[in-house]
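Worksheet for the structure shown next.
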Amino acid sequence: MWLKTRMFLLIAVLFGILYGVITGIGTWMGAGNAVSYIILAFVFLGIQYMVSPWLVTRSMRVKWVSEKEAPALHQMVAELAKKAKLPIPKIGISQLAIPNAFAFGKSQHDGRICVTQGILNLLSRDELKAVLGHEMAHIKHRDMAVITLLSAIPLIMYWIAYSFMFRGMFGNRQEGGNYAAIIGMVAFVLYFITNLLVLYGSRIREYDADRGSVELGNEPHHLAT
């Protein structure tokens with residue numbers, strides 16, 4: 001309950017910052033120009049959201065495996081998906097030696113769970129199932145969409161900072177160059193602050209995914225080890 005409360009408060013703070021900045025800019029230079037930053041940010045993130053599964057697959061060298069190729073892995077994921085009341089995600093093995101596991105996809109029905117060869121060689125069956133439960137919880141909680149949405153706010157702050165600081169440095173003082181520079185510097189500070197808040201939100205989602213793995217029947221000490 002406390003994790004959900006913290007996440008709610010974090011979202012409220014982030015969107016409160018966004019609302020304050022956009023309202024201030026809208027008052028100073030016109031609402032149309034201010035709203036364009038939000039539209040541009042969400043268009044950019046929308047494109048990123050759609051192509052990210054392909055990018056992750058290529059960058060992590062993921063090979064999608066059938067039930068015949070990895071029966072034990074498929075069995076564990078299928079059991080967890082049944083408990084989570086989710087469609088069985090697509091299962092892949094990354095050829096990287098670094099021990100890792102990750103979930104991605106555009107929705108619960110497009111869920112994908114991958115493990116690296118390194119983690120398969122390292123963990124026991126119970127430990128691996130606990131890790132898979134953690135990734136299944138990410139899919140159940142729609143964490144990919146939540147973090148992508150929150151990431152729009154630092155992106156908007158960055159574009160505002162870049163645009164206004166540039167205008168303040170080279171604009172005419174009579175055209176409000178000094179005010180633009182101040183807005184740019186404030187947005188730049190808020191860019192770092194909102195980035196830290198998004199990272200904090202990511203940590204909350206990780207803790208919640210650990211709890212989700214336990215709720216799916218995995219022992220906490222298998223996650224700890």
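Simple scheme: letters A, B, ... for chains in structure tokens order, numbers from 1 for residues in each chain, numbers from 1 for ligands in the order shown.
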
Quick one: residues within 12 Å of Glu206 of chain A, only C-alpha atoms counted, chain neighbours fewer than 5 positions away excluded, as a VMD selection string?
chain A and resid 3 7 102 to 103 131 133 to 139 141 143 to 144 147 199 to 201 211 to 213

DSSP alpha helix (DSSP H) selection over chain A, as a PyMOL selection string
chain A and resi 2-29+31-59+71-84+117-122+125-140+143-170+177-215+220-224

Å distance separating atom CA of Val186 of chain A from atom CA of Leu10 of chain A, one decimal place
20.0 Å

Taking 3 positions as the minimum chain separation for residues in the same chain, which residues sit within 12 Å of Ile17 of chain A when counting only C-alpha atoms? Answer as an NGL selection string.
:A and (10-14 or 20-24 or 150 or 153-154 or 156-157 or 186-187 or 189-191 or 193-194 or 197)

Identify which of the residues A:Thr225, A:Ser163, A:Ser151, A:Ser52 lies closest to Asn195 of chain A, counting only C-alpha atoms when measuring atom-to-atom distances.
A:Ser151

Atom CA of Tyr158 of chain A and atom CA of Tyr49 of chain A, how far apart in Å?
19.1 Å

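Running DSSP on the backbone and keeping only strand (DSSP E), the residues of chain A that qualify are Val62, Lys63, Trp64, Lys90, Ile91, Gly92, Ile93, Ser94, Ala101, Phe102, Ala103, Phe104, Arg112, Ile113, Cys114, Val115 and Thr116 of chain A.
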
Those residues with all heavy atoms, as a compact mmCIF listing (two decimals), in the first residue's frame please?
# COMPACT_ATOMS: atom_id res chain seq x y z
N VAL A 62 18.73 -10.87 -28.81
CA VAL A 62 17.74 -11.82 -28.29
C VAL A 62 17.36 -12.82 -29.38
O VAL A 62 17.07 -12.45 -30.51
CB VAL A 62 16.48 -11.08 -27.80
CG1 VAL A 62 15.40 -12.08 -27.40
CG2 VAL A 62 16.83 -10.17 -26.63
N LYS A 63 17.36 -14.08 -28.99
CA LYS A 63 16.84 -15.13 -29.86
C LYS A 63 15.56 -15.67 -29.22
O LYS A 63 15.57 -16.14 -28.08
CB LYS A 63 17.87 -16.27 -30.00
CG LYS A 63 17.33 -17.42 -30.85
CD LYS A 63 18.24 -18.64 -30.77
CE LYS A 63 17.62 -19.83 -31.53
NZ LYS A 63 18.38 -21.07 -31.36
N TRP A 64 14.46 -15.58 -29.94
CA TRP A 64 13.20 -16.09 -29.43
C TRP A 64 13.20 -17.61 -29.51
O TRP A 64 13.56 -18.18 -30.54
CB TRP A 64 12.03 -15.51 -30.21
CG TRP A 64 12.04 -14.01 -30.19
CD1 TRP A 64 12.31 -13.17 -31.21
CD2 TRP A 64 11.80 -13.18 -29.05
NE1 TRP A 64 12.26 -11.86 -30.79
CE2 TRP A 64 11.94 -11.84 -29.47
CE3 TRP A 64 11.48 -13.43 -27.71
CZ2 TRP A 64 11.78 -10.77 -28.60
CZ3 TRP A 64 11.32 -12.37 -26.85
CH2 TRP A 64 11.46 -11.05 -27.30
N LYS A 90 6.04 -13.78 -24.88
CA LYS A 90 7.04 -14.32 -25.79
C LYS A 90 8.33 -14.48 -24.99
O LYS A 90 8.67 -13.62 -24.17
CB LYS A 90 7.24 -13.35 -26.95
CG LYS A 90 7.90 -13.94 -28.16
CD LYS A 90 7.88 -12.94 -29.31
CE LYS A 90 8.53 -13.53 -30.56
NZ LYS A 90 8.50 -12.56 -31.69
N ILE A 91 9.05 -15.57 -25.21
CA ILE A 91 10.23 -15.87 -24.40
C ILE A 91 11.47 -15.87 -25.26
O ILE A 91 11.51 -16.47 -26.34
CB ILE A 91 10.06 -17.25 -23.71
CG1 ILE A 91 8.81 -17.24 -22.82
CG2 ILE A 91 11.30 -17.58 -22.88
CD1 ILE A 91 8.43 -18.60 -22.30
N GLY A 92 12.49 -15.18 -24.77
CA GLY A 92 13.73 -15.09 -25.53
C GLY A 92 14.95 -15.29 -24.65
O GLY A 92 14.90 -15.12 -23.43
N ILE A 93 16.06 -15.67 -25.28
CA ILE A 93 17.34 -15.81 -24.60
C ILE A 93 18.34 -14.89 -25.28
O ILE A 93 18.53 -14.96 -26.50
CB ILE A 93 17.84 -17.26 -24.63
CG1 ILE A 93 16.86 -18.18 -23.88
CG2 ILE A 93 19.24 -17.36 -24.02
CD1 ILE A 93 17.24 -19.65 -23.93
N SER A 94 18.94 -14.02 -24.49
CA SER A 94 19.98 -13.13 -25.01
C SER A 94 21.32 -13.86 -24.94
O SER A 94 21.60 -14.58 -23.96
CB SER A 94 20.05 -11.84 -24.17
OG SER A 94 21.22 -11.11 -24.47
N ALA A 101 17.97 -10.25 -16.62
CA ALA A 101 16.66 -10.62 -17.14
C ALA A 101 15.87 -9.34 -17.30
O ALA A 101 16.07 -8.38 -16.55
CB ALA A 101 15.95 -11.58 -16.19
N PHE A 102 14.98 -9.30 -18.27
CA PHE A 102 14.23 -8.07 -18.52
C PHE A 102 12.92 -8.38 -19.22
O PHE A 102 12.79 -9.41 -19.90
CB PHE A 102 15.06 -7.07 -19.34
CG PHE A 102 15.72 -7.65 -20.55
CD1 PHE A 102 15.14 -7.56 -21.80
CD2 PHE A 102 16.95 -8.30 -20.44
CE1 PHE A 102 15.76 -8.09 -22.93
CE2 PHE A 102 17.58 -8.84 -21.56
CZ PHE A 102 16.97 -8.74 -22.81
N ALA A 103 11.97 -7.50 -19.00
CA ALA A 103 10.65 -7.61 -19.65
C ALA A 103 10.42 -6.35 -20.45
O ALA A 103 10.81 -5.26 -20.04
CB ALA A 103 9.56 -7.80 -18.60
N PHE A 104 9.77 -6.49 -21.59
CA PHE A 104 9.41 -5.32 -22.39
C PHE A 104 8.22 -5.68 -23.27
O PHE A 104 7.69 -6.78 -23.21
CB PHE A 104 10.61 -4.82 -23.21
CG PHE A 104 11.17 -5.81 -24.20
CD1 PHE A 104 10.88 -5.71 -25.54
CD2 PHE A 104 12.04 -6.84 -23.79
CE1 PHE A 104 11.40 -6.61 -26.47
CE2 PHE A 104 12.57 -7.73 -24.70
CZ PHE A 104 12.25 -7.62 -26.05
N ARG A 112 6.96 -9.54 -23.37
CA ARG A 112 8.11 -10.35 -23.75
C ARG A 112 9.07 -10.43 -22.56
O ARG A 112 9.38 -9.41 -21.95
CB ARG A 112 8.83 -9.72 -24.95
CG ARG A 112 7.87 -9.42 -26.09
CD ARG A 112 8.50 -8.53 -27.13
NE ARG A 112 7.46 -7.97 -28.00
CZ ARG A 112 7.63 -7.68 -29.28
NH1 ARG A 112 8.80 -7.90 -29.85
NH2 ARG A 112 6.65 -7.16 -29.98
N ILE A 113 9.49 -11.64 -22.25
CA ILE A 113 10.44 -11.85 -21.16
C ILE A 113 11.69 -12.49 -21.73
O ILE A 113 11.61 -13.49 -22.45
CB ILE A 113 9.83 -12.75 -20.06
CG1 ILE A 113 8.73 -11.99 -19.31
CG2 ILE A 113 10.91 -13.21 -19.08
CD1 ILE A 113 8.07 -12.79 -18.20
N CYS A 114 12.83 -11.91 -21.38
CA CYS A 114 14.11 -12.43 -21.87
C CYS A 114 15.07 -12.64 -20.71
O CYS A 114 15.05 -11.90 -19.72
CB CYS A 114 14.74 -11.46 -22.87
SG CYS A 114 13.80 -11.24 -24.37
N VAL A 115 15.88 -13.66 -20.84
CA VAL A 115 16.96 -13.92 -19.88
C VAL A 115 18.26 -14.04 -20.68
O VAL A 115 18.24 -14.44 -21.85
CB VAL A 115 16.71 -15.21 -19.07
CG1 VAL A 115 15.52 -15.04 -18.15
CG2 VAL A 115 16.50 -16.40 -19.99
N THR A 116 19.35 -13.68 -20.05
CA THR A 116 20.63 -13.83 -20.73
C THR A 116 21.20 -15.22 -20.48
O THR A 116 20.81 -15.91 -19.52
CB THR A 116 21.65 -12.78 -20.22
OG1 THR A 116 21.90 -13.01 -18.82
CG2 THR A 116 21.13 -11.36 -20.43

Counting only C-alpha atoms, the residue of A:Leu149, A:Ala161, A:Leu216, A:Ile119 that sits nearest Met76 of chain A:
A:Leu216

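Distance-wise, atom CA of Lys140 of chain A and atom CA of Ala152 of chain A end up 21.7 Å apart.
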
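Restricting the calculation to only C-alpha atoms, the smallest distance between Ala209 of chain A and any of A:Arg142, A:Lys85, A:His221, A:Arg125 is found for A:Arg142.
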